[in-house]
>>> print(open('entry-v8.cif').read())   # mmCIF, C-alpha atoms
data_run
loop_
_atom_site.label_atom_id
_atom_site.label_comp_id
_atom_site.auth_asym_id
_atom_site.auth_seq_id
_atom_site.Cartn_x
_atom_site.Cartn_y
_atom_site.Cartn_z
CA MET A 1 -5.99 45.37 1.06
CA THR A 2 -8.78 46.25 3.47
CA THR A 3 -10.30 43.95 6.04
CA GLU A 4 -13.33 42.97 4.01
CA GLN A 5 -11.26 42.29 0.92
CA TYR A 6 -8.94 39.63 2.23
CA PRO A 7 -9.02 36.32 0.34
CA LYS A 8 -12.06 34.09 0.86
CA VAL A 9 -13.56 36.32 3.55
CA TYR A 10 -16.98 34.65 3.49
CA LEU A 11 -15.46 31.21 3.62
CA TYR A 12 -13.45 32.24 6.70
CA LYS A 13 -16.52 33.64 8.41
CA ARG A 14 -18.39 30.35 7.92
CA ILE A 15 -15.55 28.16 9.19
CA VAL A 16 -14.99 30.43 12.20
CA GLN A 17 -18.71 30.29 13.03
CA ALA A 18 -18.52 26.50 12.95
CA LYS A 19 -15.49 26.58 15.26
CA LEU A 20 -17.30 28.94 17.65
CA PHE A 21 -20.32 26.62 17.55
CA ILE A 22 -18.05 23.82 18.83
CA ASP A 23 -16.55 26.17 21.48
CA THR A 24 -20.05 26.99 22.76
CA ASN A 25 -21.77 23.62 22.43
CA PHE A 26 -18.96 21.17 23.23
CA ALA A 27 -20.93 19.79 26.19
CA ASP A 28 -23.79 18.67 23.96
CA LYS A 29 -23.90 15.78 21.55
CA ILE A 30 -22.44 17.45 18.46
CA ASP A 31 -22.97 16.00 15.03
CA ILE A 32 -20.27 17.06 12.56
CA ASP A 33 -22.73 16.51 9.67
CA HIS A 34 -25.04 19.05 11.26
CA ILE A 35 -22.25 21.62 11.66
CA SER A 36 -21.13 21.25 8.06
CA ASP A 37 -24.76 21.70 6.95
CA GLU A 38 -25.03 24.85 9.07
CA ALA A 39 -21.85 26.16 7.46
CA PHE A 40 -23.25 25.36 3.99
CA PHE A 41 -20.44 22.97 3.16
CA SER A 42 -20.34 19.34 2.16
CA LYS A 43 -18.96 17.25 5.03
CA PHE A 44 -15.78 16.45 3.10
CA HIS A 45 -15.16 20.07 2.09
CA PHE A 46 -15.87 21.30 5.62
CA ILE A 47 -13.46 18.86 7.27
CA ARG A 48 -10.72 19.69 4.75
CA LEU A 49 -11.06 23.47 5.22
CA PHE A 50 -11.35 23.19 9.00
CA LYS A 51 -8.17 21.13 9.18
CA GLN A 52 -6.38 23.52 6.84
CA ILE A 53 -7.17 26.46 9.15
CA TYR A 54 -6.94 24.89 12.60
CA GLY A 55 -4.57 21.98 12.03
CA LYS A 56 -7.13 19.49 13.38
CA THR A 57 -10.27 17.85 12.06
CA PRO A 58 -13.50 19.17 13.64
CA HIS A 59 -13.75 15.94 15.64
CA GLN A 60 -10.16 16.23 16.92
CA TYR A 61 -10.82 19.89 17.75
CA LEU A 62 -14.02 19.00 19.63
CA THR A 63 -12.08 16.46 21.71
CA SER A 64 -9.38 19.03 22.51
CA VAL A 65 -12.01 21.60 23.59
CA ARG A 66 -13.64 19.01 25.86
CA ILE A 67 -10.27 18.09 27.40
CA ASP A 68 -9.33 21.77 27.91
CA ASN A 69 -12.64 22.39 29.66
CA ALA A 70 -12.15 19.26 31.76
CA ILE A 71 -8.81 20.70 32.89
CA LEU A 72 -10.48 23.98 33.88
CA LEU A 73 -13.07 22.05 35.92
CA PHE A 74 -10.36 19.96 37.61
CA GLN A 75 -8.65 23.23 38.53
CA LYS A 76 -11.92 24.10 40.28
CA ASP A 77 -11.82 20.75 42.15
CA LYS A 78 -14.73 19.06 40.35
CA PRO A 79 -14.85 15.24 40.62
CA VAL A 80 -13.88 13.07 37.64
CA SER A 81 -17.31 11.59 36.93
CA ASP A 82 -19.01 15.01 37.01
CA VAL A 83 -16.37 16.49 34.74
CA CYS A 84 -16.58 13.62 32.25
CA PHE A 85 -20.27 14.08 31.54
CA SER A 86 -20.39 17.85 31.89
CA VAL A 87 -17.85 18.34 29.07
CA GLY A 88 -19.74 16.05 26.71
CA PHE A 89 -18.16 12.60 27.00
CA GLU A 90 -20.61 9.73 27.10
CA SER A 91 -18.49 7.22 29.00
CA LEU A 92 -15.82 7.37 31.67
CA SER A 93 -13.62 4.92 29.78
CA SER A 94 -13.48 7.01 26.59
CA PHE A 95 -12.92 10.16 28.67
CA SER A 96 -10.09 8.55 30.65
CA GLY A 97 -8.44 7.15 27.54
CA LEU A 98 -8.58 10.40 25.56
CA PHE A 99 -7.56 12.50 28.56
CA LYS A 100 -4.50 10.37 29.20
CA LYS A 101 -3.59 10.37 25.53
CA ASN A 102 -3.76 14.17 25.37
CA VAL A 103 -2.55 15.24 28.82
CA GLY A 104 -0.21 12.38 29.67
CA VAL A 105 -1.83 11.34 32.97
CA SER A 106 -5.23 9.92 33.92
CA PRO A 107 -8.03 12.29 34.97
CA SER A 108 -7.85 11.10 38.61
CA THR A 109 -4.08 11.62 38.72
CA PHE A 110 -4.45 15.08 37.16
CA LEU A 111 -7.15 16.02 39.69
CA ALA A 112 -4.97 14.83 42.59
CA GLN A 113 -2.02 16.85 41.24
CA GLU A 114 -4.20 19.95 40.93
CA GLN A 115 -5.56 19.50 44.46
CA TYR A 116 -2.03 19.19 45.81
CA ARG A 117 -0.84 22.24 43.85
CA ARG A 118 -3.80 24.33 45.02
CA GLN A 119 -3.14 23.34 48.60
CA GLN A 120 0.53 24.27 48.20
CA ILE A 121 -0.40 27.67 46.73
CA ILE A 122 -2.57 28.38 49.77
CA GLN A 123 0.08 27.19 52.23
CA ASN A 124 3.16 28.62 50.50
CA PRO A 125 2.05 31.28 48.01
CA LEU A 126 5.53 32.79 47.79
CA ASN A 127 6.76 29.60 46.14
CA TYR A 128 4.52 30.40 43.19
CA ILE A 129 5.05 34.14 42.92
CA SER A 130 8.01 35.88 41.36
CA GLY A 131 10.24 36.94 44.27
CA CYS A 132 10.98 40.41 42.95
CA PHE A 133 7.30 41.27 42.57
CA ALA A 134 6.43 39.75 45.95
CA HIS A 135 9.08 42.01 47.48
CA LYS A 136 7.95 45.08 45.53
CA PHE A 137 4.35 44.58 46.64
CA GLY A 138 5.36 43.88 50.20
CA TRP A 139 4.16 40.26 50.05
CA THR A 140 6.88 39.02 52.32
CA LYS A 141 7.12 35.89 54.38
CA TYR A 142 5.87 37.51 57.56
CA SER A 143 3.42 40.01 56.07
CA ASN A 144 0.49 37.57 56.02
CA PHE A 145 0.26 38.60 52.35
CA GLU A 146 -1.53 41.81 53.08
CA GLU A 147 -0.62 44.62 50.74
CA VAL A 148 1.50 47.46 52.03
CA LYS A 149 -0.55 50.54 52.93
CA MET B 150 24.57 34.10 31.72
CA ILE B 151 20.86 34.65 31.07
CA ARG B 152 19.36 31.53 29.57
CA LYS B 153 15.65 32.01 29.19
CA LEU B 154 12.61 34.19 29.75
CA THR B 155 10.27 32.79 32.39
CA PHE B 156 7.60 35.46 32.58
CA ALA B 157 6.74 38.92 31.35
CA THR B 158 4.38 41.40 32.95
CA VAL B 159 1.29 43.04 31.50
CA TYR B 160 -0.24 45.64 33.80
CA VAL B 161 -4.02 45.39 33.80
CA LEU B 162 -6.78 47.49 35.32
CA ASN B 163 -9.07 44.64 36.40
CA GLN B 164 -7.85 41.08 36.92
CA ALA B 165 -11.26 39.39 36.63
CA SER B 166 -11.85 41.10 33.32
CA ALA B 167 -8.28 40.30 32.21
CA TYR B 168 -8.86 36.63 33.08
CA ASP B 169 -11.94 36.62 30.88
CA PHE B 170 -10.09 38.34 28.05
CA TYR B 171 -6.93 36.23 28.02
CA VAL B 172 -8.54 32.87 28.88
CA ASN B 173 -12.01 32.99 27.32
CA LYS B 174 -11.32 35.26 24.35
CA LEU B 175 -7.69 34.64 23.43
CA GLY B 176 -7.78 31.00 24.57
CA PHE B 177 -4.72 31.23 26.84
CA LYS B 178 -4.17 28.67 29.61
CA VAL B 179 -4.14 29.58 33.28
CA HIS B 180 -0.71 28.78 34.74
CA THR B 181 -1.03 30.16 38.28
CA ASP B 182 -3.91 31.88 40.00
CA ALA B 183 -2.89 32.58 43.58
CA PRO B 184 -4.96 34.95 45.71
CA ILE B 185 -2.87 37.56 47.49
CA GLY B 186 -4.56 39.65 50.14
CA LYS B 187 -8.13 40.80 49.68
CA ASP B 188 -8.32 42.19 46.15
CA ASN B 189 -5.22 40.98 44.40
CA ARG B 190 -3.91 37.79 42.86
CA TRP B 191 -0.79 36.47 41.17
CA LEU B 192 -2.40 35.54 37.87
CA THR B 193 -0.28 34.14 35.06
CA VAL B 194 -1.39 32.74 31.72
CA THR B 195 0.42 31.08 28.84
CA PRO B 196 -0.19 31.03 25.09
CA PRO B 197 -1.78 27.68 24.14
CA ASP B 198 1.31 26.28 22.39
CA GLN B 199 3.91 27.87 24.66
CA PRO B 200 3.33 26.66 28.23
CA GLU B 201 6.86 27.60 29.34
CA ILE B 202 6.43 31.39 29.03
CA GLU B 203 4.03 33.03 31.47
CA LEU B 204 2.35 36.40 31.09
CA SER B 205 1.77 37.87 34.52
CA LEU B 206 -1.43 39.92 34.53
CA LEU B 207 -0.52 42.32 37.29
CA LEU B 208 -3.00 44.76 38.77
CA VAL B 209 -2.06 48.42 38.77
CA THR B 210 -2.53 49.12 42.44
CA GLU B 211 -1.19 51.49 45.04
CA GLY B 212 1.68 50.11 47.11
CA GLU B 213 5.45 49.89 47.01
CA MET B 214 5.36 49.46 43.24
CA PHE B 215 3.15 52.44 42.46
CA THR B 216 2.33 55.63 44.36
CA ARG B 217 -1.24 56.91 44.18
CA GLU B 218 -0.15 59.45 41.54
CA ALA B 219 1.62 56.72 39.56
CA VAL B 220 -1.52 54.54 39.61
CA LYS B 221 -3.50 57.43 38.13
CA THR B 222 -0.87 58.18 35.49
CA VAL B 223 -0.28 54.54 34.51
CA THR B 224 -4.02 53.84 34.37
CA GLU B 225 -4.56 56.77 32.03
CA LEU B 226 -1.66 55.73 29.80
CA ILE B 227 -2.88 52.12 29.58
CA GLN B 228 -6.40 53.27 28.74
CA LYS B 229 -5.02 55.54 26.02
CA GLY B 230 -3.31 52.56 24.39
CA THR B 231 0.21 53.83 25.07
CA PHE B 232 1.80 50.47 25.80
CA GLY B 233 2.52 47.72 23.32
CA HIS B 234 3.67 44.58 25.08
CA GLY B 235 4.71 42.18 22.37
CA GLY B 236 3.70 40.10 19.42
CA PHE B 237 1.80 36.87 19.03
CA GLU B 238 1.93 34.49 16.14
CA CYS B 239 -0.92 32.46 14.71
CA LYS B 240 -1.39 29.80 12.07
CA ASP B 241 -4.12 31.59 10.15
CA ILE B 242 -4.52 35.29 10.83
CA TYR B 243 -7.81 35.75 8.96
CA ALA B 244 -9.50 32.99 10.95
CA THR B 245 -8.03 34.34 14.20
CA TYR B 246 -9.11 37.88 13.28
CA GLU B 247 -12.68 36.80 12.51
CA GLU B 248 -12.91 34.79 15.72
CA LEU B 249 -11.53 37.50 18.00
CA LYS B 250 -13.64 40.17 16.33
CA SER B 251 -16.76 38.08 16.86
CA LYS B 252 -15.79 37.86 20.55
CA GLY B 253 -15.64 41.64 20.79
CA VAL B 254 -11.86 42.08 20.67
CA GLU B 255 -10.90 45.55 19.43
CA PHE B 256 -8.43 45.71 16.56
CA ALA B 257 -6.38 48.88 16.16
CA LYS B 258 -5.24 47.53 12.80
CA PRO B 259 -6.95 44.78 10.80
CA PRO B 260 -4.82 42.16 9.01
CA LYS B 261 -2.56 43.74 6.42
CA GLU B 262 0.04 42.23 4.17
CA GLU B 263 3.56 43.26 5.12
CA PHE B 264 6.94 42.17 3.77
CA TYR B 265 7.27 39.64 6.62
CA GLY B 266 3.75 38.22 6.52
CA VAL B 267 0.26 39.37 7.40
CA ALA B 268 -0.02 41.44 10.58
CA ALA B 269 -2.74 42.98 12.74
CA VAL B 270 -2.83 44.86 16.05
CA PHE B 271 -5.37 44.24 18.80
CA LYS B 272 -5.99 45.64 22.27
CA ASP B 273 -6.70 43.80 25.49
CA ASP B 274 -9.57 44.77 27.80
CA SER B 275 -7.39 47.32 29.61
CA GLY B 276 -5.96 49.02 26.52
CA ASN B 277 -2.59 47.24 26.14
CA TRP B 278 -1.87 46.38 22.53
CA PHE B 279 -0.20 43.41 20.87
CA SER B 280 0.69 42.60 17.32
CA LEU B 281 -0.62 39.43 15.74
CA THR B 282 1.26 37.94 12.83
CA GLN B 283 1.02 35.11 10.40
CA LYS B 284 4.55 34.74 9.08
CA LYS B 285 5.29 34.16 5.41
#
>>> encode(input="entry-v8.cif", output="structure tokens")
Amino acid sequence: MTTEQYPKVYLYKRIVQAKLFIDTNFADKIDIDHISDEAFFSKFHFIRLFKQIYGKTPHQYLTSVRIDNAILLFQKDKPVSDVCFSVGFESLSSFSGLFKKNVGVSPSTFLAQEQYRRQQIIQNPLNYISGCFAHKFGWTKYSNFEEVK
Amino acid sequence: MIRKLTFATVYVLNQASAYDFYVNKLGFKVHTDAPIGKDNRWLTVTPPDQPEIELSLLLVTEGEMFTREAVKTVTELIQKGTFGHGGFECKDIYATYEELKSKGVEFAKPPKEEFYGVAAVFKDDSGNWFSLTQKK
């Protein structure tokens, strides 16, 4: 079986395009009806196929993409309110609730944990690097983490 | 007694490009990104559903690990696609294949039915290859 002959190839291409649309436009107000129209599916058919392929409904997937991007922004030390709106949530309360449900801690707690971890990495990088590789590269405690010449 | 694997190493030729490939194209999560010296970092990523196993994206660079000659040799071998580093599993290989292809990922072998499932082979931005399987 060649690449272009696998089962339901055109159907896959349309669902994947819809998924990539969510990946690209998660920060905007996304209407699932609009995406299913773009993919030339009825809303019901689209949701069923999407869930079959990705294990989540398009709406659940959109939420997970927004949360994942919020995590990336927290890792870059962005404040909670900025992150909330820049990943597409319309209220802090819905963002906080969904974030805690998915990640296990509130956005502010997560941000504080990331800030602490980042600070620790700067202060004690060897605690976060495999010892054998640190040794092999000459990243030792007293080397000031300059590479061996 | 060995109990578990904590990390495995993939040698890459450019860490910024590797970050883009593994995080933005494959959808892996950043575990640790610690700058080391001027041009190097300890960069580890994890598959989305497997946060306990890190892939260390280690730069091929001259030092105690590699001599200048070794850097040249290893770089050439990676670029030639000599090294296969492992296999990934996905829920739906055709959807994953279409998505990665649309993001510019190079496939050495498109999805093909095998006795154990459907399998493909793709390359990272340096030239390292991995198998991708949807099990039966």
>>> resolve_selection(input="entry-v8.cif", expression="the PyMOL selection byres ((chain B) within 10 of (chain A))", output="JSON, numbers by chain")
{"B": [155, 156, 176, 178, 179, 181, 182, 183, 184, 185, 186, 187, 188, 189, 190, 191, 192, 193, 205, 207, 210, 211, 212, 213, 214, 215, 239, 240, 241, 242, 243, 244, 245, 246, 247, 248, 249, 251, 252, 258, 259, 260, 261, 262]}
>>> write_last_selection(input="entry-v8.cif", atoms="C-alpha atoms", output="PDB file, in the coordinates of the input")
ATOM      1  CA  THR B 155      10.270  32.790  32.390  1.00  0.00           C
ATOM      2  CA  PHE B 156       7.600  35.460  32.580  1.00  0.00           C
ATOM      3  CA  GLY B 176      -7.780  31.000  24.570  1.00  0.00           C
ATOM      4  CA  LYS B 178      -4.170  28.670  29.610  1.00  0.00           C
ATOM      5  CA  VAL B 179      -4.140  29.580  33.280  1.00  0.00           C
ATOM      6  CA  THR B 181      -1.030  30.160  38.280  1.00  0.00           C
ATOM      7  CA  ASP B 182      -3.910  31.880  40.000  1.00  0.00           C
ATOM      8  CA  ALA B 183      -2.890  32.580  43.580  1.00  0.00           C
ATOM      9  CA  PRO B 184      -4.960  34.950  45.710  1.00  0.00           C
ATOM     10  CA  ILE B 185      -2.870  37.560  47.490  1.00  0.00           C
ATOM     11  CA  GLY B 186      -4.560  39.650  50.140  1.00  0.00           C
ATOM     12  CA  LYS B 187      -8.130  40.800  49.680  1.00  0.00           C
ATOM     13  CA  ASP B 188      -8.320  42.190  46.150  1.00  0.00           C
ATOM     14  CA  ASN B 189      -5.220  40.980  44.400  1.00  0.00           C
ATOM     15  CA  ARG B 190      -3.910  37.790  42.860  1.00  0.00           C
ATOM     16  CA  TRP B 191      -0.790  36.470  41.170  1.00  0.00           C
ATOM     17  CA  LEU B 192      -2.400  35.540  37.870  1.00  0.00           C
ATOM     18  CA  THR B 193      -0.280  34.140  35.060  1.00  0.00           C
ATOM     19  CA  SER B 205       1.770  37.870  34.520  1.00  0.00           C
ATOM     20  CA  LEU B 207      -0.520  42.320  37.290  1.00  0.00           C
ATOM     21  CA  THR B 210      -2.530  49.120  42.440  1.00  0.00           C
ATOM     22  CA  GLU B 211      -1.190  51.490  45.040  1.00  0.00           C
ATOM     23  CA  GLY B 212       1.680  50.110  47.110  1.00  0.00           C
ATOM     24  CA  GLU B 213       5.450  49.890  47.010  1.00  0.00           C
ATOM     25  CA  MET B 214       5.360  49.460  43.240  1.00  0.00           C
ATOM     26  CA  PHE B 215       3.150  52.440  42.460  1.00  0.00           C
ATOM     27  CA  CYS B 239      -0.920  32.460  14.710  1.00  0.00           C
ATOM     28  CA  LYS B 240      -1.390  29.800  12.070  1.00  0.00           C
ATOM     29  CA  ASP B 241      -4.120  31.590  10.150  1.00  0.00           C
ATOM     30  CA  ILE B 242      -4.520  35.290  10.830  1.00  0.00           C
ATOM     31  CA  TYR B 243      -7.810  35.750   8.960  1.00  0.00           C
ATOM     32  CA  ALA B 244      -9.500  32.990  10.950  1.00  0.00           C
ATOM     33  CA  THR B 245      -8.030  34.340  14.200  1.00  0.00           C
ATOM     34  CA  TYR B 246      -9.110  37.880  13.280  1.00  0.00           C
ATOM     35  CA  GLU B 247     -12.680  36.800  12.510  1.00  0.00           C
ATOM     36  CA  GLU B 248     -12.910  34.790  15.720  1.00  0.00           C
ATOM     37  CA  LEU B 249     -11.530  37.500  18.000  1.00  0.00           C
ATOM     38  CA  SER B 251     -16.760  38.080  16.860  1.00  0.00           C
ATOM     39  CA  LYS B 252     -15.790  37.860  20.550  1.00  0.00           C
ATOM     40  CA  LYS B 258      -5.240  47.530  12.800  1.00  0.00           C
ATOM     41  CA  PRO B 259      -6.950  44.780  10.800  1.00  0.00           C
ATOM     42  CA  PRO B 260      -4.820  42.160   9.010  1.00  0.00           C
ATOM     43  CA  LYS B 261      -2.560  43.740   6.420  1.00  0.00           C
ATOM     44  CA  GLU B 262       0.040  42.230   4.170  1.00  0.00           C
TER      45      GLU B 262
END
>>> resolve_selection(input="entry-v8.cif", expression="the PyMOL selection byres ((chain A and resi 38) around 12)", output="list of chain:residue names")
A:Arg14, A:Ile15, A:Val16, A:Gln17, A:Ala18, A:Lys19, A:Phe21, A:Asp31, A:Ile32, A:Asp33, A:His34, A:Ile35, A:Ser36, A:Asp37, A:Ala39, A:Phe40, A:Phe41, A:Ser42, A:Lys43, A:Phe46
>>> closest_residue(input="entry-v8.cif", among="B:Met150, B:Ala269, B:Ile202, B:Val209", to="B:Leu162", atoms="only C-alpha atoms")
B:Val209
>>> closest_residue(input="entry-v8.cif", among="B:Gln199, B:Ser166, B:Thr282, B:Asn277", to="B:Phe232", atoms="all atoms listed in the file")
B:Asn277
>>> resolve_selection(input="entry-v8.cif", expression="the PyMOL selection byres ((chain A and resi 84-93) around 10)", output="PDB file with C-alpha atoms, in the frame of the given file")
ATOM      1  CA  ASN A  25     -21.770  23.620  22.430  1.00  0.00           C
ATOM      2  CA  PHE A  26     -18.960  21.170  23.230  1.00  0.00           C
ATOM      3  CA  ALA A  27     -20.930  19.790  26.190  1.00  0.00           C
ATOM      4  CA  ASP A  28     -23.790  18.670  23.960  1.00  0.00           C
ATOM      5  CA  LYS A  29     -23.900  15.780  21.550  1.00  0.00           C
ATOM      6  CA  ILE A  30     -22.440  17.450  18.460  1.00  0.00           C
ATOM      7  CA  LEU A  62     -14.020  19.000  19.630  1.00  0.00           C
ATOM      8  CA  THR A  63     -12.080  16.460  21.710  1.00  0.00           C
ATOM      9  CA  VAL A  65     -12.010  21.600  23.590  1.00  0.00           C
ATOM     10  CA  ARG A  66     -13.640  19.010  25.860  1.00  0.00           C
ATOM     11  CA  ILE A  67     -10.270  18.090  27.400  1.00  0.00           C
ATOM     12  CA  ASP A  68      -9.330  21.770  27.910  1.00  0.00           C
ATOM     13  CA  ASN A  69     -12.640  22.390  29.660  1.00  0.00           C
ATOM     14  CA  ALA A  70     -12.150  19.260  31.760  1.00  0.00           C
ATOM     15  CA  LEU A  73     -13.070  22.050  35.920  1.00  0.00           C
ATOM     16  CA  LYS A  78     -14.730  19.060  40.350  1.00  0.00           C
ATOM     17  CA  PRO A  79     -14.850  15.240  40.620  1.00  0.00           C
ATOM     18  CA  VAL A  80     -13.880  13.070  37.640  1.00  0.00           C
ATOM     19  CA  SER A  81     -17.310  11.590  36.930  1.00  0.00           C
ATOM     20  CA  ASP A  82     -19.010  15.010  37.010  1.00  0.00           C
ATOM     21  CA  VAL A  83     -16.370  16.490  34.740  1.00  0.00           C
ATOM     22  CA  SER A  94     -13.480   7.010  26.590  1.00  0.00           C
ATOM     23  CA  PHE A  95     -12.920  10.160  28.670  1.00  0.00           C
ATOM     24  CA  SER A  96     -10.090   8.550  30.650  1.00  0.00           C
ATOM     25  CA  GLY A  97      -8.440   7.150  27.540  1.00  0.00           C
ATOM     26  CA  LEU A  98      -8.580  10.400  25.560  1.00  0.00           C
ATOM     27  CA  PHE A  99      -7.560  12.500  28.560  1.00  0.00           C
ATOM     28  CA  PRO A 107      -8.030  12.290  34.970  1.00  0.00           C
TER      29      PRO A 107
END
>>> atom_distance(input="entry-v8.cif", atom1="atom CA of B:Leu175", atom2="atom CA of B:Thr195")
10.4 Å
>>> closest_residue(input="entry-v8.cif", among="B:Val270, B:Ala257, B:Leu206, B:Tyr265", to="B:Phe170", atoms="all atoms listed in the file")
B:Leu206
>>> atom_distance(input="entry-v8.cif", atom1="atom CA of B:Thr158", atom2="atom CA of B:Ser275")
13.6 Å
>>> atom_distance(input="entry-v8.cif", atom1="atom CA of B:Val194", atom2="atom CA of B:His180")
5.0 Å
>>> closest_residue(input="entry-v8.cif", among="B:Pro196, B:Thr216, B:Thr222, B:Val161", to="B:Phe177", atoms="only C-alpha atoms")
B:Pro196
>>> closest_residue(input="entry-v8.cif", among="B:Lys174, B:Ala167, B:Ile227, B:Ala157", to="B:Glu201", atoms="only C-alpha atoms")
B:Ala157
>>> decode(input="entry-v8.cif", residues="stretch 251-267 of chain B", atoms="N, CA and C atoms", output="short mmCIF file (atom, residue, chain, number, x, y, z; two decimals), in the first residue's frame")
data_model
loop_
_atom_site.label_atom_id
_atom_site.label_comp_id
_atom_site.auth_asym_id
_atom_site.auth_seq_id
_atom_site.Cartn_x
_atom_site.Cartn_y
_atom_site.Cartn_z
N SER B 251 2.81 17.88 6.75
CA SER B 251 2.40 19.26 6.46
C SER B 251 3.28 20.27 7.21
N LYS B 252 3.97 19.80 8.26
CA LYS B 252 4.89 20.68 8.99
C LYS B 252 6.32 20.58 8.45
N GLY B 253 6.48 19.82 7.37
CA GLY B 253 7.79 19.75 6.72
C GLY B 253 8.69 18.64 7.23
N VAL B 254 8.15 17.72 8.03
CA VAL B 254 8.98 16.62 8.53
C VAL B 254 9.24 15.63 7.39
N GLU B 255 10.51 15.21 7.28
CA GLU B 255 10.89 14.30 6.20
C GLU B 255 10.68 12.84 6.62
N PHE B 256 9.96 12.11 5.80
CA PHE B 256 9.75 10.69 6.07
C PHE B 256 10.63 9.85 5.16
N ALA B 257 11.45 8.99 5.78
CA ALA B 257 12.26 8.07 4.99
C ALA B 257 11.40 6.92 4.51
N LYS B 258 10.33 6.65 5.25
CA LYS B 258 9.39 5.59 4.84
C LYS B 258 7.99 5.99 5.25
N PRO B 259 7.08 6.11 4.31
CA PRO B 259 5.69 6.46 4.67
C PRO B 259 5.01 5.29 5.39
N PRO B 260 3.85 5.51 5.98
CA PRO B 260 3.18 4.43 6.71
C PRO B 260 2.99 3.19 5.84
N LYS B 261 3.31 2.05 6.41
CA LYS B 261 3.19 0.78 5.68
C LYS B 261 2.70 -0.28 6.65
N GLU B 262 1.80 -1.09 6.17
CA GLU B 262 1.29 -2.16 7.04
C GLU B 262 2.35 -3.23 7.23
N GLU B 263 2.59 -3.56 8.50
CA GLU B 263 3.53 -4.62 8.85
C GLU B 263 2.77 -5.64 9.70
N PHE B 264 3.43 -6.74 10.05
CA PHE B 264 2.72 -7.76 10.82
C PHE B 264 2.35 -7.27 12.22
N TYR B 265 3.08 -6.24 12.71
CA TYR B 265 2.85 -5.76 14.08
C TYR B 265 2.00 -4.49 14.13
N GLY B 266 1.66 -3.96 12.96
CA GLY B 266 0.88 -2.72 12.94
C GLY B 266 1.19 -1.93 11.70
N VAL B 267 1.04 -0.62 11.76
CA VAL B 267 1.41 0.23 10.63
C VAL B 267 2.60 1.08 11.07
#
